[in-house]
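Here is the structure we will look at, set down as structure tokens.
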Amino acid sequence: MPSRELPYPLFDADNHLYEPQEALTKYLPEEYKNAIKYVQVDGRTKIAVRGNISEYIPNPTFEVVARPGAMEEYFRVGNPEGKDRREIFGKPMRSIPAFREPEPRLRLMDELGIARTLMFPTLASLIEERMKDDVEMTHAVIHALNQWLLETWTFNYQDRIFTTPVITLPIVEKAIEELDWAVANGARAILVRPAPVPSLRGGTRSFGLPEFDPFWQRVVDHDVLVGLHSSDSGYSRYISDWEGVSNEMLPFKPNAFRMIFEWRPIQDTVAALAIHGALSRFPALKFAVIENGASWVGPLLSQLANIYKKMPQDFIEDPVVAVKRNIHVSPFWEEDMVKLSDLLGVERVLFGSDYPHPEGLADPITYVDELEGMSEEHKALIMGGNLARLIGG
């Protein structure tokens with residue numbers, strides 16, 4: 001039984017599965033069989049992408065994981081004692097079937113009081129940045145992952161777990177092909193990395209540019225939700241510019257300077273969608289910003305309003321109007337929900353627990369406690385009604 005009963009169903013915008021080793025290797029085409037390898041380093045299993053060992057996820061097998069919600073105190077009160085990450089995370093746990101398979105996950109969802117959820121992969125977020133100079137490989141590896149997701153989780157499990165296939169965008173025609181395949185296999189939501197898109201001949205570009213309009217038109221035609229989930233967006237290169245050392249992005253290793261602009265990737269992504277016109281050319285597009293917090297929303301809206309005041313000729317419409325129409329945000333539980341609702345409208349705010357990650361909530365239903373002062377109607381929208389509308393049920 002859940003820790004409490006609420007008078008409305010919960011639709012969690014941010015749940016995660018933990019991938020086994022075969023998720024990235026089982027369906028790899030023969031020509032890319034060496035793209036992903038699991039190797040032993042000093043007795044520990046590590047993932048090697050194109051021969052380069054990655055520390056992005058310290059334990060990429062997920063056989064042992066941090067406990068759900070292990071960092072709640074850290075986010076609630078800070079870290080005045082200066083504890084290291086191991087002390088903050090506490091004692092780990094063995095991964096359980098509910099983290100790996102949909103049927104036991106449904107039983108766990110019942111225990112937690114979650115009616116439905118979006119389900120995101122965890123390890124997948126390292127792929128695109130580490131293959132950006134070989135976009136053909138990127139498309140092949142992403143499709144292999146999506147094949148495993150479909151086989152193991154499906155993209156719509158009993159109308160309760162909506163697993164998000166990854167759509168990578170470098171070759172627009174291939175992105176459309178992958179989208180069509182995903183939707184034909186039941187996908188109601190997709191995952192797109194919030195980052196500049198690598199090009200065939202090097203360099204990158206914004207997916208808000210007209211080049212990507214055929215893809216966005218197909219998204220609208222299929223009426224699917226686009227999840228913009230926190231990922232490795234390649235911004236570690238900017239840290240390197242300042243710190244003089246070229247390092248891989250390590251999300252679980254604290255870096256004070258990185259935290260200064262931790263949410264710049266999503267701010268830049270939404271800005272590009274607005275300024276480069278995709279939101280205005282496709283007003284029916286539905287974006288859900290997941291696990292990127294909400295601290296960037298107010299500053300971005302202020303900046304867009306100021307730019308539009310000075311350069312209206314460069315826009316199809318007021319970009320603030322476009323953002324408020326198309327963009328939905330799942331804030332961190334410790335953020336100010338009332339303030340965000342005032343900025344975007346309560347219909348654009350989504351409950352997301354990040355379960356079972358340590359940064360999330362051990363008991364997702366307690367998210368509602370952070371909505372104190374809101375009406376029951378608004379709580380019902382945030383805790384599930386808004387996402388139900390976006391998914392179409």
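Letters A, B, ... go to the chains of the structure tokens in the order shown; residues in each chain start at 1; ligands are counted from 1 in the same order.
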Exercise. Can you list every residue in range 110-191 of chain A that DSSP puts in alpha helix (DSSP H), as a PyMOL selection string?
Worked result: chain A and resi 110-112+127-130+135-152+172-184
Could you write those residues out with C-alpha atoms, as a tab-separated table (two decimals), in the first residue's frame?
```
chain	number	residue	atom	x	y	z
A	110	ASP	CA	1.29	-0.02	-6.87
A	111	GLU	CA	3.18	-0.04	-3.59
A	112	LEU	CA	4.32	3.55	-4.19
A	127	ILE	CA	26.05	7.63	-25.99
A	128	GLU	CA	25.53	10.61	-28.25
A	129	GLU	CA	28.23	12.89	-26.90
A	130	ARG	CA	30.87	10.17	-27.16
A	135	VAL	CA	26.77	10.17	-36.69
A	136	GLU	CA	26.09	6.98	-38.67
A	137	MET	CA	27.37	5.01	-35.68
A	138	THR	CA	25.25	7.10	-33.34
A	139	HIS	CA	22.08	6.27	-35.24
A	140	ALA	CA	22.97	2.56	-35.32
A	141	VAL	CA	23.77	2.30	-31.59
A	142	ILE	CA	20.68	4.26	-30.58
A	143	HIS	CA	18.47	1.99	-32.67
A	144	ALA	CA	20.08	-1.05	-31.06
A	145	LEU	CA	19.23	0.35	-27.64
A	146	ASN	CA	15.67	1.08	-28.75
A	147	GLN	CA	15.30	-2.50	-30.00
A	148	TRP	CA	16.27	-3.76	-26.55
A	149	LEU	CA	13.89	-1.31	-24.84
A	150	LEU	CA	11.04	-2.51	-27.04
A	151	GLU	CA	11.82	-6.17	-26.42
A	152	THR	CA	12.19	-5.86	-22.65
A	172	VAL	CA	17.04	14.01	-40.26
A	173	GLU	CA	15.80	11.26	-42.55
A	174	LYS	CA	17.06	8.58	-40.16
A	175	ALA	CA	15.50	10.42	-37.22
A	176	ILE	CA	12.13	10.38	-38.99
A	177	GLU	CA	12.56	6.68	-39.79
A	178	GLU	CA	13.33	5.92	-36.12
A	179	LEU	CA	10.36	8.00	-34.96
A	180	ASP	CA	7.99	6.22	-37.34
A	181	TRP	CA	9.29	2.84	-36.15
A	182	ALA	CA	8.92	3.81	-32.49
A	183	VAL	CA	5.36	5.08	-32.91
A	184	ALA	CA	4.41	1.99	-34.94
```
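Secondary structure by DSSP on the backbone puts the following residues of range 156-343 of chain A in strand (DSSP E): Ile161, Phe162, Thr163, Ala189, Ile190, Leu191, Val197, Pro198, Thr204, Arg205, Leu225, Val226, Gly227, Leu228, His229, Phe287, Ala288, Val289, Ile290, Ile327, His328 and Val329 of chain A.
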Problem set entry | For Glu317 in chain A: contacts at 10 Å, only C-alpha atoms, fewer than 4 positions along chain excluded, given as a PyMOL selection string | chain A and resi 274-275+277+279-281+308+312-313+321-322
Save out the residues we just selected, C-alpha atoms, as an mmCIF file, in the first residue's frame.
```
data_model
loop_
_atom_site.group_PDB
_atom_site.id
_atom_site.type_symbol
_atom_site.label_atom_id
_atom_site.label_comp_id
_atom_site.auth_asym_id
_atom_site.auth_seq_id
_atom_site.Cartn_x
_atom_site.Cartn_y
_atom_site.Cartn_z
ATOM 1 C CA ALA A 274 12.086 29.666 -29.509
ATOM 2 C CA ILE A 275 14.570 31.942 -31.291
ATOM 3 C CA GLY A 277 11.392 29.396 -34.688
ATOM 4 C CA LEU A 279 8.000 26.457 -31.468
ATOM 5 C CA SER A 280 6.267 29.041 -33.628
ATOM 6 C CA ARG A 281 6.288 27.041 -36.845
ATOM 7 C CA TYR A 308 11.872 40.580 -28.412
ATOM 8 C CA PRO A 312 10.686 41.836 -32.905
ATOM 9 C CA GLN A 313 11.514 41.563 -36.605
ATOM 10 C CA VAL A 321 4.203 33.246 -25.697
ATOM 11 C CA ALA A 322 5.750 30.361 -27.645
#
```
Would you kindly return, as a short mmCIF file (atom, residue, chain, number, x, y, z; two decimals) with N, CA and C atoms, in the first residue's frame, each protein, DNA or RNA residue with an atom no farther than 7 Å from any atom of Glu72 in chain A, considering only C-alpha atoms and excluding same-chain residues fewer than 5 positions away?
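The resulting file, result-v7.cif, is reproduced below:
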```
data_model
loop_
_atom_site.label_atom_id
_atom_site.label_comp_id
_atom_site.auth_asym_id
_atom_site.auth_seq_id
_atom_site.Cartn_x
_atom_site.Cartn_y
_atom_site.Cartn_z
N GLU A 359 19.08 10.98 -6.43
CA GLU A 359 18.73 12.40 -6.39
C GLU A 359 17.23 12.64 -6.23
N GLY A 360 16.44 11.59 -6.43
CA GLY A 360 15.00 11.74 -6.41
C GLY A 360 14.39 11.48 -5.04
N LEU A 361 13.14 11.04 -5.06
CA LEU A 361 12.39 10.82 -3.82
C LEU A 361 12.24 9.33 -3.56
#
```
Exercise. Using only C-alpha atoms, which of A:Asn52, A:Glu347, A:His16, A:Ala35 sits nearest Glu291 in chain A?
Worked result: A:His16
Exercise: range 223-228 of chain A partners within 6 Å, only C-alpha atoms, chain neighbours under 4 positions left out, as a short mmCIF file (atom, residue, chain, number, x, y, z; two decimals) with N, CA and C atoms, in the first residue's frame:
```cif
data_model
loop_
_atom_site.label_atom_id
_atom_site.label_comp_id
_atom_site.auth_asym_id
_atom_site.auth_seq_id
_atom_site.Cartn_x
_atom_site.Cartn_y
_atom_site.Cartn_z
N ARG A 188 4.45 6.60 -27.10
CA ARG A 188 3.61 7.79 -26.90
C ARG A 188 4.46 9.00 -26.50
N ALA A 189 5.71 8.73 -26.13
CA ALA A 189 6.65 9.80 -25.79
C ALA A 189 8.03 9.36 -26.26
N ILE A 190 8.87 10.33 -26.62
CA ILE A 190 10.22 10.05 -27.08
C ILE A 190 11.21 10.88 -26.26
N LEU A 191 12.47 10.51 -26.35
CA LEU A 191 13.53 11.21 -25.63
C LEU A 191 14.50 11.81 -26.62
N VAL A 192 14.69 13.13 -26.53
CA VAL A 192 15.63 13.86 -27.38
C VAL A 192 16.64 14.55 -26.48
N PRO A 194 18.90 17.29 -25.01
CA PRO A 194 18.94 18.76 -25.10
C PRO A 194 20.36 19.24 -25.33
N VAL A 219 6.56 14.62 -35.80
CA VAL A 219 6.23 14.53 -34.37
C VAL A 219 4.81 15.03 -34.13
N LYS A 286 4.70 19.42 -28.34
CA LYS A 286 4.61 19.29 -26.88
C LYS A 286 5.96 18.83 -26.34
N PHE A 287 6.60 19.69 -25.55
CA PHE A 287 7.87 19.37 -24.93
C PHE A 287 7.70 19.25 -23.41
N ALA A 288 8.33 18.24 -22.84
CA ALA A 288 8.38 18.09 -21.39
C ALA A 288 9.84 18.13 -20.97
N VAL A 289 10.21 19.13 -20.20
CA VAL A 289 11.58 19.28 -19.71
C VAL A 289 11.69 18.52 -18.39
N ILE A 290 12.52 17.48 -18.38
CA ILE A 290 12.56 16.54 -17.27
C ILE A 290 13.95 16.53 -16.63
#
```
For this session: Rank A:Glu5, A:Pro198, A:Lys91, A:Asp354 by their smallest atom-to-atom distance to Phe332 in chain A, using only C-alpha atoms, and report the top residue only.
Result: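 Nearest candidate to Phe332 in chain A out of A:Glu5, A:Pro198, A:Lys91, A:Asp354: A:Asp354.
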Problem set entry | Shell around Arg105 in chain A at 10 Å using only C-alpha atoms, local window under 5 positions removed, as number ranges by chain | A: 17, 96-100, 110-111, 161
Using C-alpha atoms, can you export the residues from the last selection as a PDB file, in the first residue's frame?
```pdb
ATOM      1  CA  LEU A  17      15.103   1.829 -15.486  1.00  0.00           C
ATOM      2  CA  ILE A  96      16.076  -5.481  -7.737  1.00  0.00           C
ATOM      3  CA  PRO A  97      13.923  -6.866 -10.581  1.00  0.00           C
ATOM      4  CA  ALA A  98      11.657  -3.806 -10.424  1.00  0.00           C
ATOM      5  CA  PHE A  99      14.568  -1.684 -11.642  1.00  0.00           C
ATOM      6  CA  ARG A 100      15.111  -4.026 -14.608  1.00  0.00           C
ATOM      7  CA  ASP A 110       1.290  -0.016  -6.873  1.00  0.00           C
ATOM      8  CA  GLU A 111       3.184  -0.041  -3.587  1.00  0.00           C
ATOM      9  CA  ILE A 161       4.576   2.471 -18.171  1.00  0.00           C
TER      10      ILE A 161
END
```
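Between Pro68 in chain A and the candidates A:Leu300, A:Met93, A:Val320, A:Met109, the tightest atom-to-atom separation, counting only C-alpha atoms, involves A:Met93.
By chain and then residue number, the residues within 8 Å of Ala294 in chain A are Asn292, Trp296, Val297, Val329, Ser330, Pro331, Phe332, Glu335 and Leu340 of chain A, counting only C-alpha atoms and disregarding those fewer than 2 positions away in sequence.
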Can you spit out the residues from that selection as a short mmCIF file (atom, residue, chain, number, x, y, z; two decimals), in the first residue's frame, using N, CA and C atoms?
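Listing of out-v6.cif after writing:
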```
data_model
loop_
_atom_site.label_atom_id
_atom_site.label_comp_id
_atom_site.auth_asym_id
_atom_site.auth_seq_id
_atom_site.Cartn_x
_atom_site.Cartn_y
_atom_site.Cartn_z
N ASN A 292 15.70 18.71 -15.22
CA ASN A 292 16.53 19.88 -15.46
C ASN A 292 16.16 21.03 -14.53
N TRP A 296 16.13 27.94 -14.28
CA TRP A 296 16.47 28.64 -15.52
C TRP A 296 15.26 29.31 -16.17
N VAL A 297 14.05 28.94 -15.77
CA VAL A 297 12.85 29.39 -16.49
C VAL A 297 12.67 30.90 -16.41
N VAL A 329 7.37 21.81 -17.74
CA VAL A 329 8.56 21.64 -16.91
C VAL A 329 8.23 20.79 -15.68
N SER A 330 9.10 19.81 -15.43
CA SER A 330 9.03 19.03 -14.20
C SER A 330 10.09 19.56 -13.25
N PRO A 331 9.71 20.38 -12.28
CA PRO A 331 10.70 20.97 -11.38
C PRO A 331 11.20 19.97 -10.35
N PHE A 332 12.34 20.25 -9.78
CA PHE A 332 12.80 19.44 -8.65
C PHE A 332 11.87 19.67 -7.47
N GLU A 335 12.07 22.83 -5.29
CA GLU A 335 11.91 24.16 -5.88
C GLU A 335 10.53 24.75 -5.59
N LEU A 340 6.83 28.81 -10.11
CA LEU A 340 6.88 28.27 -11.47
C LEU A 340 5.50 28.28 -12.11
#
```
